[in-house]
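Asker: Quick one: structure below, then a few questions.
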Protein chains: 2
Amino acid sequence: MRPKLTDVARMAGVDVSTVSRVLRGEETQRIRSETRERILESARKLNYSPNTLAQSLRTSRTRTIGLVVPQLDNPVFPSAIRGAEKAAIRHGYSLLIAHREAGSTDAVYHRLSHGNRVDGLVVASLDDDQLLREELEGARIPFVLLNRKLAGHALSVVLDSRAAASIAVDHLASMGHRRIAHLAGRPGGFNAGERLAGYRDGLKRHGIAFDPALVAVAGYTAEGGAAAMRSLLARQPTAVLGATLVTAAGAMAVLHEAGLQIPQDVSVIGLHDAPVATMLYPPLTSVKMPTELMGELAADLLIALVNGAVPQPIAPLPPDGLVVRGSTGPVPR
Amino acid sequence: MRPKLTDVARMAGVDVSTVSRVLRGEETQRIRSETRERILESARKLNYSPNTLAQSLRTSRTRTIGLVVPQLDNPVFPSAIRGAEKAAIRHGYSLLIAHREAGSTDAVYHRLSHGNRVDGLVVASLDDDQLLREELEGARIPFVLLNRKLAGHALSVVLDSRAAASIAVDHLASMGHRRIAHLAGRPGGFNAGERLAGYRDGLKRHGIAFDPALVAVAGYTAEGGAAAMRSLLARQPTAVLGATLVTAAGAMAVLHEAGLQIPQDVSVIGLHDAPVATMLYPPLTSVKMPTELMGELAADLLIALVNGAVPQPIAPLPPDGLVVRGSTGPVPR
DNA sequence: CAAGCTTGAACAAACGATTGCTCAAGTCGT
DNA sequence: ACGACTTGAGCAATCGTTTGTTCAAGCTTG
């Protein structure tokens, strides 16, 4: 049998309330130091550890936050998870990760938010606004959105994708590219819109006319990137801006298949940087984004919220800069 | 305020115990059907959902299992997570994912196993036996090891890495390769040993002498794979067997750097298949392993264990077969 | 019509902690 | 030496469920 407070109390010859106060380090009540020692000693001997269920029930706080991620094979999320973990640990919270694929029918939000298992939720979702809104409608706990916004709703921590896309275009344009294709994200999605806007910002700044024919929807998967790239091949872009690392990778595979050389024939650049970028051939030039920081700030924000603070909204996180690798080069003549 | 059982009871004009029985569908007690209706109606109106904390405290079961993963950027784990999720849902359990990097000082096991938050743990770990054993020593809940074994301890679900490595060697040997290098895993590790054994099995079957100079430790990261490959370059292997996808990818980057053509100069093959294999250039030939199934079986096993069954050990899961892509070809003459 | 069954539901005791209050003994000032 | 504090600890209620037990009616039976 697991030792409980009463066991420790019996062993130390005191009341459970005293044990509780000593173990929690409560200050409202003075305890003779020899009593304290006796209690601590007993707890140690019994290898006591509190039943968090009972604690949480009593205090109605779990000191746990949940993080819902829509996919694990996108490097953004592992990185954000690491950040959230750091923040959680820093505040003495536990982090509980839940996986919920886009469009899944599993009621993860409901389970977590109605089950009293977490004090708040950091939500990353690839679902469309409508669906997400419905899902979160009934949430009874505070939540913070990660890497997306939802109109009129909740706090968000997002990356400045617009700036990132714009930086990418700068890089390409500075090497003479003018036929720059864009592999776009989910149409209507927050990030997709931002990135497209940044792409257009960049073009404009360099006096390049926006050509809708050079934009194809790729979503967030390698297959999507590949399909989009295939559809753009006929347009003969000299450079391609992928909305994510993974879509850029999908595009690269298609370029290789088509017998095009990277970067001699076509330059490729991706948004977000991650270890996989170095595994591609050639290693992918990308705009590095503070994804870990994003997770960290989201968790910080949520924990503040949980503790009754009314946190300020956080501005989009600016890119960490450009990481130039082998996949981009001067425009072919 | 969240509605609780008493609220429903008051609204329906009955005792909480009756509400509880109706809502839980308990059969030991007959309930008049109009009463039942009234209760159900009230619960619906109040949008009642039970406090799982209280439930778990009372019943001392959480109907939740934990899955501890050591890394998220290795495709094996997302895949195993998916499998475990499936199994958990199938049994009506929730899955709680915890991240614990190898060598981390965070007491994840302790928190989970002593905190009464999960009924059991599926543990994947890259820590060495000694450390893992210590960590798990004090666990007060059942656990199942994922993708590794620990001498004399606990149930495991593992892949048949030995068979996988052997299949990979078959493939290479069948194309005439005889100088086959091996990028090995963590020395002393269970999987590393198995893979090395499989590699040697394969060599032997094809009458190739084992040459220790063709084996280098790469661990489980791209950098490790790259370093190992660099050290092997001088040995001029015609083919390389990476212990994982990621190490193979690291090796490929080095081969590219060195100006070697894949597969014309050197063939590369990896163990485990995952989407990233198709993103590499050339797309990586690999031995596909049932990683999702592994997660599923581990969760099944754990849930059986939690429910008092004494499950049979599970034999290593055989590979799903070879996926031939562009990274392997005939031996250069 | 009294005794014994059913039926259907209420009572009440846990589960393991936290925390506001009460209270006995010792200390101090006068 | 007596009342007023202080110190140190125990009492008991409570968090929201679950579940063994009791119990009042209504019904059957002989």
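Lettering and numbering for the structure tokens are positional, with chains as A, B, ... in the shown order, residues counted from 1 in each chain, and ligands counted from 1 in the shown order.
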Just asking: which residues within segment 126-225 of chain A are strand (DSSP E) according to DSSP, as a list in words?
Answerer: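 Selecting the strand (DSSP E) positions of segment 126-225 of chain A gives Phe143, Val144, Leu145, Leu146, Leu155, Ser156, Val157, Ile180, Ala181, His182, Leu183, Ala184, Val215, Ala216 and Val217 of chain A.
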Asker: Determine, using only C-alpha atoms (C1' of nucleotides), which residues of chain D have any atom at most 10 Å from an atom of segment 13-22 of chain C, and tabulate each with its shortest atom pair and distance in Å to one decimal place, rows ordered by chain and then rising number, as CSV.
Answerer:
```
residue,atom,partner,partner_atom,distance
D:DG10,C1',C:DT22,C1',8.7
D:DC11,C1',C:DT22,C1',7.5
D:DA12,C1',C:DC21,C1',9.1
D:DA13,C1',C:DG20,C1',9.2
D:DT14,C1',C:DT18,C1',8.7
D:DC15,C1',C:DA17,C1',9.2
D:DT17,C1',C:DC15,C1',8.9
D:DT18,C1',C:DA14,C1',8.8
D:DT19,C1',C:DA14,C1',9.1
D:DG20,C1',C:DA13,C1',9.0
```
Asker: Would you save the residues of that selection, restricted to C-alpha atoms (C1' of nucleotides), as a PDB file, in the first residue's frame?
Answerer:
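Okay, this is what ended up in out-v5.pdb:
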```pdb
ATOM      1  C1'  DG D  10      -5.218  18.925  16.954  1.00  0.00           C
ATOM      2  C1'  DC D  11     -10.282  18.987  15.241  1.00  0.00           C
ATOM      3  C1'  DA D  12     -13.260  18.743  11.723  1.00  0.00           C
ATOM      4  C1'  DA D  13     -15.228  20.290   7.437  1.00  0.00           C
ATOM      5  C1'  DT D  14     -14.579  20.003   2.683  1.00  0.00           C
ATOM      6  C1'  DC D  15     -13.370  18.927  -2.439  1.00  0.00           C
ATOM      7  C1'  DT D  17     -17.549  11.016  -6.611  1.00  0.00           C
ATOM      8  C1'  DT D  18     -18.689   5.974  -5.813  1.00  0.00           C
ATOM      9  C1'  DT D  19     -20.808   2.195  -3.579  1.00  0.00           C
ATOM     10  C1'  DG D  20     -22.243  -0.876   0.358  1.00  0.00           C
TER      11       DG D  20
END
```
Asker: Could you list, as an NGL selection string, every residue of chain B that has an atom within 12 Å of an atom of chain D, counting only C-alpha atoms (C1' of nucleotides)?
Answerer: :B and (2-7 or 16-21 or 23-24 or 26 or 28-29 or 49-61)
Asker: Within 7 Å of chain B, which residues of chain A are there when counting only C-alpha atoms? Please give them as a list in words.
Answerer: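 My answer is Ser49, Pro50, Asn51, Thr52, Leu53, Ala54, Leu57, Leu72, Asp73, Pro75, Pro78, Leu96, Ile97, Ala98, His114, Gly115, Asn116, Arg117, Ala249, Gly250, Ala253, Met279, Leu280 and Tyr281 of chain A.
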Asker: Enumerate as a ChimeraX atom specification all residues of segment 203-320 of chain B assigned to helix (DSSP H, G or I) by DSSP on the backbone, naming them with the chain letters and numbers the document uses.
Answerer: /B:203-205,212-214,222-235,245-257,276-279,291-306
Asker: Find the distance between atom CA of Val306 of chain B and atom CA of Ser125 of chain B and write it in Å to one decimal.
Answerer: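 Result for atom CA of Val306 of chain B versus atom CA of Ser125 of chain B: 20.7 Å, one decimal.
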Asker: Quick check, in Å to one decimal: how far apart do atom CA of Ala213 of chain A and atom CA of Gly225 of chain A lie?
Answerer: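 Interatomic distance here is 15.7 Å.
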Asker: Which residues, written as a PyMOL selection string, have at least one atom at most 7 Å from Asp320 of chain B, with only C-alpha atoms (C1' of nucleotides) counted and residues fewer than 5 positions away on the same chain left out?
Answerer: chain B and resi 288-290
Asker: For Leu302 of chain A, please output as number ranges by chain all residues within 9 Å (counting only C-alpha atoms (C1' of nucleotides); exclusion window: fewer than 5 positions along the same chain).
Answerer: A: 65, 120-122, 142-144, 155, 297, 307, 311
Asker: Would you save the residues from that selection as a short mmCIF file (atom, residue, chain, number, x, y, z; two decimals), in the first residue's frame, using C-alpha atoms?
Answerer:
```cif
data_model
loop_
_atom_site.label_atom_id
_atom_site.label_comp_id
_atom_site.auth_asym_id
_atom_site.auth_seq_id
_atom_site.Cartn_x
_atom_site.Cartn_y
_atom_site.Cartn_z
CA ILE A 65 -1.12 22.63 -18.26
CA GLY A 120 -5.33 25.49 -18.84
CA LEU A 121 -4.62 24.58 -22.40
CA VAL A 122 -2.15 25.68 -25.02
CA PRO A 142 -8.32 29.26 -19.90
CA PHE A 143 -6.49 28.65 -23.12
CA VAL A 144 -3.88 30.22 -25.32
CA LEU A 155 -4.77 35.06 -26.56
CA LEU A 297 5.85 32.25 -24.21
CA ASN A 307 -3.10 32.44 -11.91
CA PRO A 311 -1.69 39.28 -19.53
#
```
Asker: Out of A:Val158, A:Ile141, A:Ala228, A:Ala277, which residue has the shortest atom-to-atom distance to Leu183 of chain A when counting only C-alpha atoms?
Answerer: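 That would be A:Ala228, the residue with the smallest distance to Leu183 of chain A.
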Asker: Between atom CA of His91 of chain A and atom CA of Arg63 of chain A, what is the spacing in Å?
Answerer: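 Computed distance, atom CA of Arg63 of chain A to atom CA of His91 of chain A, equals 9.1 Å.
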Asker: Skip Arg38 of chain B itself and residues of its chain fewer than 6 positions away, then list as a PDB file with N, CA and C atoms, in the first residue's frame all residues within 9 Å of it, counting only C-alpha atoms (C1' of nucleotides).
Answerer:
```pdb
ATOM      1  N   MET B  11     -31.801  19.227  -9.083  1.00  0.00           N
ATOM      2  CA  MET B  11     -32.691  19.555 -10.190  1.00  0.00           C
ATOM      3  C   MET B  11     -33.660  18.407 -10.476  1.00  0.00           C
ATOM      4  N   ALA B  12     -33.154  17.192 -10.344  1.00  0.00           N
ATOM      5  CA  ALA B  12     -34.021  16.047 -10.656  1.00  0.00           C
ATOM      6  C   ALA B  12     -34.810  15.601  -9.431  1.00  0.00           C
ATOM      7  N   GLY B  13     -34.493  16.224  -8.300  1.00  0.00           N
ATOM      8  CA  GLY B  13     -35.208  15.862  -7.083  1.00  0.00           C
ATOM      9  C   GLY B  13     -34.895  14.463  -6.563  1.00  0.00           C
TER      10      GLY B  13
END
```
Asker: Need to verify the contact set: Asn191 of chain A, 9 Å, only C-alpha atoms (C1' of nucleotides), exclusion of same-chain residues closer than 5 positions in sequence. Can you return it as a count of residues only?
Answerer: 12
Asker: Using only C-alpha atoms (C1' of nucleotides), determine which residues lie at most 9 Å from segment 231-241 of chain B, disregarding the query and same-chain residues fewer than 6 positions distant; provide the list as a VMD selection string.
Answerer: chain B and resid 165 168 to 169 172 177 to 184 199 213 to 216 248 251 255 258 263 265 to 271 328 331 to 332
Asker: Using only C-alpha atoms (C1' of nucleotides), which residue out of B:Val22, B:Ala309, B:Val8, B:Ala88 lies closest to chain C?
Answerer: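 Among B:Val22, B:Ala309, B:Val8, B:Ala88, it is B:Val22 that comes nearest to chain C.
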